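Student: Dumping the structure here so I can ask a few things about it.
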Amino acid sequence: ATQLVWFRNDLRITDNSALSAACRCADDKVIALFVATPEQWKNHNMAAIQAGFIRSNLLSLQHSLAALGIPLEFIQCDDFDASVVEIKRLCDRHGISDIYYNKQYQVNELRRDRQLEATLSPDIICHAFDDALLLPPNSVLTGNGDMYQIFTPFRNRFVSQIQQGIQPVRPVPKARGDKPELTAIPEFNYPILPHDDFPAGEQEAIQRLRTFCRERAADYLKHRDIPALDMTSRLSPYLAIGVLSVRQCYNRLLAEHPDFLSHPDSGAFTWFNELVWREFYHHLIVAYPQLCKHRPFIEWTQGVQWNPEEASFIAWCEGKTGYPIVDAAMRQLNQTGWMHNRLRMITASFLVKDLLIDWRRGERYFISRLIDGDLAANNGGWQWAASTGTDSAPYFRIFNPTTQGKRFDPQGHFIRQWVPELQEVAEKWIHTPHLWAEKQGIELDYPQPIVDHSQARINTLNAFEMARKGM
Ligand code: FAD
């Protein structure tokens with residue numbers, strides 16, 4: 001028999017449920033497949049840097065698969081509908097009996113998979129696996145069998161369930177047959193950007209994970225909120241497209257810090273807690289599919305009258321708001337495709353609460369720039385910051401961007417790295433450089449703040465209040 005493994009968001013050969021299942025019978029021929037859908041990517045606003053990262057990792061995967069005796073087929077077609085037609089053709093051509101893939105939980109992806117199953121049935125059997133999370137969606141529920149809407153009780157339940165064990169990390173399957181020829185993978189019909197900060201390949205991801213768990217996880221609680229220290233794992237690009245599995249992360253963390261689950265105040269537990277946020281947001285989009293359709297979780301926030309003005313949105317995108325920590329962060333995103341978590345919170349809050357701009361515009365912009373773009377995590381983060389989501393920041397709690405800067409970049413190291421115009425500003429004034437310039441009687445080549453925070457705060461509170469009262 002000939003088995004087909006369809007690689008999607010799981011570009012790895014280690015701990016890959018679909019690949020392992022397809023390789024179970026040593027005598028079967030196994031073929032791998034990747035489908036590029038540039039029109040769909042465009043609709044989803046996928047960042048060019050993420051497309052570049054996918055491509056590099058696909059080339060690396062092709063090599064690893066070849067060493068196992070598995071050839072990689074590549075299809076390029078417009079969108080998900082077209083991909084179903086093309087896969088059916090490929091199955092017919094190769095006489096495929098079974099197709100294996102790991103589940104993706106977003107609405108469009110689930111619809112595509114249902115369409116595929118209907119198209120291939122009954123001749124070809126589809127095997128779909130829960131692989132992308134530590135515990136599958138709909139498996140961590142309240143006593144009433146509902147999805148949690150608050151993170152902490154979800155996390156507590158998650159911890160008790162995970163202690164009963166998770167699916168073990170699956171080894172790389174044994175090699176079969178001769179090494180196939182490596183056929184060239186055509187260019188994607190999609191813009192591509194290089195990803196210098198994040199070299200491709202499973203080995204790179206595994207190495208980064210090992211180093212992080214050994215050397216930095218213990219201090220994660222202390223350092224994670226300081227962007228200048230760069231002490232988080234920076235594994236998100238690899239997790240987002242599945243070059244690394246979250247089980248590999250969990251198991252490595254356990255190997256280095258065996259008791260961490262009993263020490264909730266440890267660095268290791270705090271890092272694990274972030275992995276659980278990732279789980280929470282993925283479970284949420286399955287329980288509440290409207291989250292994938294640009295809907296807020298809190299319905300009344302649909303009534304907020306957002307500021308339609310273009311100039312301040314552009315200033316935010318370009319990192320020219322006159323608020324140094326916001327601008328430094330946006331420039332980090334624009335130049336590297338990645339942004340530190342604390343800064344994602346600060347910049348998202350600034351867009352929504354200081355500029356009163358619809359959070360969905362920010363969500364879209366982030367996805368169009370992030371190398372780790374992930375619908376569930378990005379939507380969760382945006383709805384949290386915008387006070388429109390489950391368990392989000394209450395709308396009346398508004399970050400002050402200057403105070404946030406002082407707290408998390410006290411000496412302005414991070415700001416100076418990304419906003420060279422502020423290089424000369426004295427440390428004490430780095431968060432309010434225009435005041436310094438005024439005192440010095442000089443002009444900075446840096447914008448004045450585009451809003452007054454205290455006034456903006458009042459406007460935002462009013463806008464949310466009006467919406468809440470249905471006015
Ligand atoms: P670490 O601190 O080392 O954490 C380890 C892993 O846990 C991360 O790689 C990530 O997979 C996961 N994780 C950490 N924090 C969160 C979180 N708050 N929510 C969900 N998962 C988390 N993360 C994405 O992967 N893709 C996104 O598109 C994305 N968009 C975001 C948008 C906003 C507005 C906010 C506030 C957060 C967003 N995050 C997103 C979450 C988080 O900022 C990044 O996962 C994190 O900064 C990645 O850096 P790291 O790998 O060093 O994380």
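Ordering of the structure tokens sets the chain letters (A, B, ...), residue numbers begin anew at 1 in every chain, and ligands are numbered from 1 in the order given.
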If we count only C-alpha atoms and set the cut-off at 8 Å, which residues sit around Tyr281 (chain A), ignoring sequence neighbours fewer than 4 positions away in its own chain? Please answer as a tab-separated table (two decimals) with all heavy atoms, in the first residue's frame.
Tutor:
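Written file, around25.tsv:
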chain	number	residue	atom	x	y	z
A	277	TRP	N	-0.87	29.23	28.16
A	277	TRP	CA	-1.61	30.31	27.48
A	277	TRP	C	-1.82	29.94	26.01
A	277	TRP	O	-2.88	30.17	25.43
A	277	TRP	CB	-0.84	31.64	27.56
A	277	TRP	CG	-1.15	32.44	28.78
A	277	TRP	CD1	-0.34	32.62	29.86
A	277	TRP	CD2	-2.35	33.21	29.05
A	277	TRP	NE1	-0.97	33.43	30.79
A	277	TRP	CE2	-2.20	33.80	30.31
A	277	TRP	CE3	-3.54	33.43	28.35
A	277	TRP	CZ2	-3.18	34.62	30.88
A	277	TRP	CZ3	-4.52	34.23	28.92
A	277	TRP	CH2	-4.33	34.82	30.17
A	285	ILE	N	-10.48	28.98	20.41
A	285	ILE	CA	-10.99	29.14	19.04
A	285	ILE	C	-11.81	27.93	18.59
A	285	ILE	O	-12.64	28.04	17.70
A	285	ILE	CB	-9.89	29.48	17.98
A	285	ILE	CG1	-8.88	28.36	17.84
A	285	ILE	CG2	-9.24	30.82	18.23
A	285	ILE	CD1	-8.05	28.48	16.56
A	376	ALA	N	-4.62	31.93	16.68
A	376	ALA	CA	-5.17	31.80	18.04
A	376	ALA	C	-4.43	32.70	19.03
A	376	ALA	O	-5.05	33.44	19.80
A	376	ALA	CB	-5.11	30.35	18.48
A	377	ALA	N	-3.09	32.65	19.01
A	377	ALA	CA	-2.31	33.43	19.98
A	377	ALA	C	-2.42	34.92	19.68
A	377	ALA	O	-2.52	35.74	20.60
A	377	ALA	CB	-0.85	32.99	19.95
A	380	GLY	N	-5.96	36.05	20.57
A	380	GLY	CA	-6.08	36.05	22.03
A	380	GLY	C	-5.36	37.25	22.63
A	380	GLY	O	-5.89	37.94	23.50
Student: Based on DSSP run over this structure's backbone, return all residues of region 318-435 of chain A in helix (DSSP H, G or I), as a ChimeraX atom specification.
Tutor: /A:318,324-336,341-354,359-369,375-386,401-408,413-418,420-422,427-429,433-435
Student: Just want the 10 Å neighbourhood of Pro401 (chain A), counted on only C-alpha atoms, with same-chain residues fewer than 5 positions away dropped. Output as a ChimeraX atom specification.
Tutor: /A:323-326,346-347,349-350,354,406-407,431,453
Student: Could you write out that same residue set with C-alpha atoms as a PDB file, in the first residue's frame?
Tutor:
ATOM      1  CA  TYR A 323       6.232  57.346  22.611  1.00  0.00           C
ATOM      2  CA  PRO A 324       9.716  55.800  22.677  1.00  0.00           C
ATOM      3  CA  ILE A 325       8.864  52.335  24.003  1.00  0.00           C
ATOM      4  CA  VAL A 326       6.016  51.951  21.494  1.00  0.00           C
ATOM      5  CA  ILE A 346       2.203  47.698  25.289  1.00  0.00           C
ATOM      6  CA  THR A 347       1.859  48.416  21.552  1.00  0.00           C
ATOM      7  CA  SER A 349      -2.807  48.597  24.282  1.00  0.00           C
ATOM      8  CA  PHE A 350      -1.495  51.843  22.809  1.00  0.00           C
ATOM      9  CA  ASP A 354      -4.561  55.611  23.310  1.00  0.00           C
ATOM     10  CA  LYS A 406      10.070  53.244  32.710  1.00  0.00           C
ATOM     11  CA  ARG A 407       9.213  49.948  34.349  1.00  0.00           C
ATOM     12  CA  HIS A 431      10.905  58.096  28.094  1.00  0.00           C
ATOM     13  CA  HIS A 453      -2.213  60.034  27.138  1.00  0.00           C
TER      14      HIS A 453
END
Student: Excluding same-chain residues fewer than 4 positions from region 51-63 of chain A, what lies within 6 Å of it counting only C-alpha atoms, as a PDB file with N, CA and C atoms, in the first residue's frame?
Tutor:
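Result file follows (around_6.pdb):
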ATOM      1  N   LEU A  72       9.247  13.958  -1.147  1.00  0.00           N
ATOM      2  CA  LEU A  72       8.287  15.030  -0.848  1.00  0.00           C
ATOM      3  C   LEU A  72       7.669  15.534  -2.147  1.00  0.00           C
ATOM      4  N   ILE A 192       8.577  36.781  -0.271  1.00  0.00           N
ATOM      5  CA  ILE A 192       9.408  36.041   0.690  1.00  0.00           C
ATOM      6  C   ILE A 192      10.413  37.018   1.292  1.00  0.00           C
ATOM      7  N   LEU A 193      10.634  36.933   2.571  1.00  0.00           N
ATOM      8  CA  LEU A 193      11.706  37.732   3.186  1.00  0.00           C
ATOM      9  C   LEU A 193      12.652  36.799   3.943  1.00  0.00           C
ATOM     10  N   PRO A 194      13.931  37.184   4.045  1.00  0.00           N
ATOM     11  CA  PRO A 194      14.869  36.346   4.804  1.00  0.00           C
ATOM     12  C   PRO A 194      14.575  36.423   6.302  1.00  0.00           C
ATOM     13  N   ALA A 200      16.716  28.121   9.943  1.00  0.00           N
ATOM     14  CA  ALA A 200      15.725  27.056   9.748  1.00  0.00           C
ATOM     15  C   ALA A 200      16.240  25.716  10.266  1.00  0.00           C
ATOM     16  N   GLY A 201      15.308  24.798  10.468  1.00  0.00           N
ATOM     17  CA  GLY A 201      15.663  23.402  10.710  1.00  0.00           C
ATOM     18  C   GLY A 201      15.354  22.921  12.119  1.00  0.00           C
TER      19      GLY A 201
END
Student: Pick from A:Val172, A:Leu4, A:Ala67, A:Ala386: nearest to ligand 1, with only C-alpha atoms and all ligand atoms counted?
Tutor: A:Ala386
Student: Pick the closest to Glu73 (chain A) from A:Phe7, A:Phe297, A:Trp41, A:Phe129: which is it, counting only C-alpha atoms?
Tutor: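 Of A:Phe7, A:Phe297, A:Trp41, A:Phe129, the one nearest Glu73 (chain A), counting only C-alpha atoms, is A:Phe7.
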Student: For region 239-242 of chain A, work out the shell of residues within 6 Å, counting only C-alpha atoms and skipping chain neighbours fewer than 4 positions away, then give it as a list in words.
Tutor: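 Result of the neighbour search: Asn9, Asp10, Leu11 and Asp372 of chain A.
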Student: Point out the residue among A:Phe260, A:Phe464, A:Trp436, A:Tyr288 with the least atom-to-atom distance to Pro137 (chain A), counting only C-alpha atoms.
Tutor: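 The shortest atom-to-atom distance to Pro137 (chain A) comes from A:Tyr288.
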Student: List as a PyMOL selection string the protein and nucleic acid residues near Phe80 (chain A), meaning an atom at most 7 Å away when only C-alpha atoms are counted, but skip any in the same chain fewer than 5 places from it.
Tutor: chain A and resi 37+40+112
Student: Excluding same-chain residues fewer than 3 positions from Ala205 (chain A), what lies within 12 Å of it counting only C-alpha atoms, as a VMD selection string?
Tutor: chain A and resid 11 to 12 14 57 198 to 202 208 to 212 233 to 246 248 to 249
Student: Would you work out the distance separating CA of Ile75 (chain A) from CA of Ile87 (chain A), expressed in Å to one decimal?
Tutor: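 Here the two named atoms are 8.3 Å from each other.
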Student: Would you list, as JSON, numbers by chain, the residues of region 26-171 of chain A that end up in strand (DSSP E) under DSSP run on this structure's backbone?
Tutor: {"A": [29, 30, 31, 32, 33, 34, 35, 36, 72, 73, 74, 75, 76, 96, 97, 98, 99, 100, 101, 102, 125, 126, 127, 128, 129]}
Student: A:His283, A:Glu309, A:Pro420, A:Tyr446: which is nearest Met147 (chain A), counting only C-alpha atoms?
Tutor: A:His283
Student: Using only C-alpha atoms, can you tell me which of A:Asn251, A:Leu435, A:Pro191, A:Pro449 comes closest to Trp316 (chain A)?
Tutor: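 Result for the nearest residue to Trp316 (chain A): A:Pro449.
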Student: Would you mind telling me which residue in A:Leu351, A:Val451, A:Val140, A:Leu120 lies nearest to ligand 1 when using only C-alpha atoms and all ligand atoms?
Tutor: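 Result for the nearest residue to ligand 1: A:Leu351.
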Student: I'd like the interatomic distance between CA of Asn462 (chain A) and CA of Leu356 (chain A), to a tenth of an Å.
Tutor: 10.8 Å
